[in-house]
Amino acid sequence: MLKSKLRSKLIKLRKLKFNKNFKINFQKIKYLINKSNLKKPIIGGYYPVNYEIDCLEILENLEKQKFRICLPKIKKNNLMNFYEYSFKDPLAINKYGIPETISKNIITPDILFVPLLGFDKKRFRLGYGGGYYDRYIDKFENKKKIFTIGLAYSFQYVEKLPIENFDKNLNYVITNKKIYK
């Protein structure tokens, strides 16, 4: 199936099956953070939109445990950077209607929570098609290893995604049923 058709199908499915009360088990997140063997890593998250898994409570809990948190800001040419964020800070709405931090302090996350529409057994993800996360991860591939964790509902699993050369697979995907590694 073409990525565009699969994307459209998964967007509809996620909207249909969305559960605002669904939460990723925080202990699973802590387990993966500990597994990274990083001391107090910088955690990159996202502001959930369009029925994405909400990671804000996880980020807030991590901030309370003295982890540094960062959120993405969209730039020109389908690029993004991550900026330091605290839940005490205000947010601004970008041109896509997504809240972004107003911080000007660019930081690179050690661990990155990644939203997705679908994923397969090799932990490749299907996003909205802009390539923001693939480009961001690729930018650091030879400089700094970023530990990537996709957050998903189990119904977002796809047997096999159409993969292109620039697609990056994630280290882990956590769903309500299991951890894919």
# chains A, B, ... in the order shown; residues from 1 in each chain; ligands from 1
>>> select_by_dssp(residues="stretch 71-137 of chain A", states="strand (DSSP E)", output="number ranges by chain")
A: 71-74, 80-85, 91-93, 99-101, 111-114, 118-119, 125-126
>>> residues_around(residues="A:Ile53", least_positions_apart="6", cutoff="8 Å", atoms="only C-alpha atoms", output="MDAnalysis selection string")
chainID A and resid 22:23 115 151:153
>>> closest_residue(among="A:Lys88, A:Arg125, A:Arg14, A:Lys28", to="A:Lys177", atoms="only C-alpha atoms")
A:Lys28
>>> residues_around(residues="A:Lys39", least_positions_apart="3", cutoff="12 Å", atoms="only C-alpha atoms", output="list in words")
Ile33, Asn34, Lys35, Ser36, Ile42, Ile43, Lys66, Phe67, Arg68, Asp110 and Ile111 of chain A
>>> write_last_selection(atoms="C-alpha atoms", output="CSV table (one decimal), in the first residue's frame")
chain,number,residue,atom,x,y,z
A,33,ILE,CA,15.4,5.5,30.4
A,34,ASN,CA,17.4,3.3,32.8
A,35,LYS,CA,18.2,0.9,30.0
A,36,SER,CA,19.8,3.7,28.0
A,42,ILE,CA,17.8,15.3,28.4
A,43,ILE,CA,14.4,14.2,27.3
A,66,LYS,CA,14.9,16.8,37.8
A,67,PHE,CA,15.3,15.7,34.1
A,68,ARG,CA,15.8,18.5,31.6
A,110,ASP,CA,19.5,12.2,24.6
A,111,ILE,CA,16.2,10.4,24.6
>>> closest_residue(among="A:Pro109, A:Pro72, A:Gly130, A:Gly97", to="A:Asn50", atoms="only C-alpha atoms")
A:Gly97
>>> residues_around(residues="stretch 3-10 of chain A", least_positions_apart="4", cutoff="9 Å", atoms="only C-alpha atoms", output="list in words")
Arg14, Lys15, Leu117, Gly118, Leu126, Gly127, Tyr128, Gly129, Gln156, Leu161, Pro162 and Ile163 of chain A
>>> write_last_selection(atoms="N, CA and C atoms", output="tab-separated table (two decimals), in the first residue's frame")
chain	number	residue	atom	x	y	z
A	14	ARG	N	-6.95	6.09	14.00
A	14	ARG	CA	-6.54	6.67	15.28
A	14	ARG	C	-7.62	7.61	15.83
A	15	LYS	N	-8.24	8.38	14.95
A	15	LYS	CA	-9.32	9.27	15.40
A	15	LYS	C	-10.50	8.46	15.93
A	117	LEU	N	2.03	7.61	13.26
A	117	LEU	CA	0.72	7.14	12.79
A	117	LEU	C	0.70	5.62	12.77
A	118	GLY	N	1.83	5.01	12.40
A	118	GLY	CA	1.94	3.57	12.34
A	118	GLY	C	3.38	3.15	12.53
A	126	LEU	N	5.67	5.47	10.54
A	126	LEU	CA	5.03	6.28	9.51
A	126	LEU	C	4.52	7.52	10.22
A	127	GLY	N	4.98	8.68	9.77
A	127	GLY	CA	4.52	9.95	10.32
A	127	GLY	C	3.61	10.63	9.31
A	128	TYR	N	3.53	11.94	9.41
A	128	TYR	CA	2.65	12.70	8.51
A	128	TYR	C	3.27	12.95	7.14
A	129	GLY	N	4.54	12.62	6.96
A	129	GLY	CA	5.15	12.74	5.64
A	129	GLY	C	6.08	13.92	5.46
A	156	GLN	N	-1.96	0.65	16.05
A	156	GLN	CA	-1.18	1.35	15.04
A	156	GLN	C	-0.10	0.46	14.41
A	161	LEU	N	5.75	-1.71	6.73
A	161	LEU	CA	5.61	-0.37	6.15
A	161	LEU	C	6.46	-0.25	4.89
A	162	PRO	N	6.01	0.55	3.93
A	162	PRO	CA	6.89	0.85	2.79
A	162	PRO	C	8.02	1.76	3.29
A	163	ILE	N	9.25	1.32	3.13
A	163	ILE	CA	10.42	2.02	3.67
A	163	ILE	C	11.24	2.63	2.54
>>> select_by_dssp(residues="stretch 58-119 of chain A", states="alpha helix (DSSP H)", output="list in words")
Ile58, Leu59, Glu60, Asn61, Leu62, Glu63 and Lys64 of chain A
>>> closest_residue(among="A:Leu2, A:Ile11, A:Asn19, A:Ala92", to="A:Asn176", atoms="only C-alpha atoms")
A:Asn19
>>> atom_distance(atom1="atom CA of A:Thr101", atom2="atom CA of A:Tyr83")
7.0 Å
>>> residues_around(residues="stretch 170-174 of chain A", least_positions_apart="6", cutoff="10 Å", atoms="only C-alpha atoms", output="PyMOL selection string")
chain A and resi 24-25+28-29+32+112-116+119-125+134+137+146-154+157+180-181
>>> write_last_selection(atoms="C-alpha atoms", output="PDB file, in the first residue's frame")
ATOM      1  CA  ILE A  24       1.625   4.981  28.585  1.00  0.00           C
ATOM      2  CA  ASN A  25       2.801   3.181  31.719  1.00  0.00           C
ATOM      3  CA  LYS A  28       7.865   1.276  31.215  1.00  0.00           C
ATOM      4  CA  ILE A  29       9.269   4.692  30.337  1.00  0.00           C
ATOM      5  CA  LEU A  32      13.750   2.305  29.032  1.00  0.00           C
ATOM      6  CA  LEU A 112      13.475  11.364  22.178  1.00  0.00           C
ATOM      7  CA  PHE A 113       9.780  10.458  22.395  1.00  0.00           C
ATOM      8  CA  VAL A 114       8.458  10.262  18.846  1.00  0.00           C
ATOM      9  CA  PRO A 115       4.817  10.503  17.729  1.00  0.00           C
ATOM     10  CA  LEU A 116       3.667   8.258  14.905  1.00  0.00           C
ATOM     11  CA  PHE A 119       4.920   1.307  12.983  1.00  0.00           C
ATOM     12  CA  ASP A 120       6.134  -2.146  11.974  1.00  0.00           C
ATOM     13  CA  LYS A 121       8.036  -5.006  13.628  1.00  0.00           C
ATOM     14  CA  LYS A 122      11.399  -3.422  12.729  1.00  0.00           C
ATOM     15  CA  ARG A 123      10.234  -0.237  14.489  1.00  0.00           C
ATOM     16  CA  PHE A 124      10.089   1.866  11.347  1.00  0.00           C
ATOM     17  CA  ARG A 125       7.474   4.562  11.775  1.00  0.00           C
ATOM     18  CA  ASP A 134      13.889  11.411  10.212  1.00  0.00           C
ATOM     19  CA  ILE A 137      17.674  11.969  13.891  1.00  0.00           C
ATOM     20  CA  ILE A 146      19.789   9.763  20.231  1.00  0.00           C
ATOM     21  CA  PHE A 147      17.795   7.014  21.950  1.00  0.00           C
ATOM     22  CA  THR A 148      14.371   7.031  20.221  1.00  0.00           C
ATOM     23  CA  ILE A 149      11.109   5.779  21.712  1.00  0.00           C
ATOM     24  CA  GLY A 150       7.912   5.751  19.664  1.00  0.00           C
ATOM     25  CA  LEU A 151       4.663   6.131  21.612  1.00  0.00           C
ATOM     26  CA  ALA A 152       1.708   4.306  20.064  1.00  0.00           C
ATOM     27  CA  TYR A 153      -1.560   2.466  20.495  1.00  0.00           C
ATOM     28  CA  SER A 154      -1.296  -1.257  19.719  1.00  0.00           C
ATOM     29  CA  TYR A 157       0.956  -1.722  14.344  1.00  0.00           C
ATOM     30  CA  TYR A 180       8.781  -3.484  20.687  1.00  0.00           C
ATOM     31  CA  LYS A 181      12.586  -3.740  20.575  1.00  0.00           C
TER      32      LYS A 181
END
>>> closest_residue(among="A:Glu52, A:Asp89, A:Glu141, A:Glu159", to="A:Lys20", atoms="only C-alpha atoms")
A:Glu52
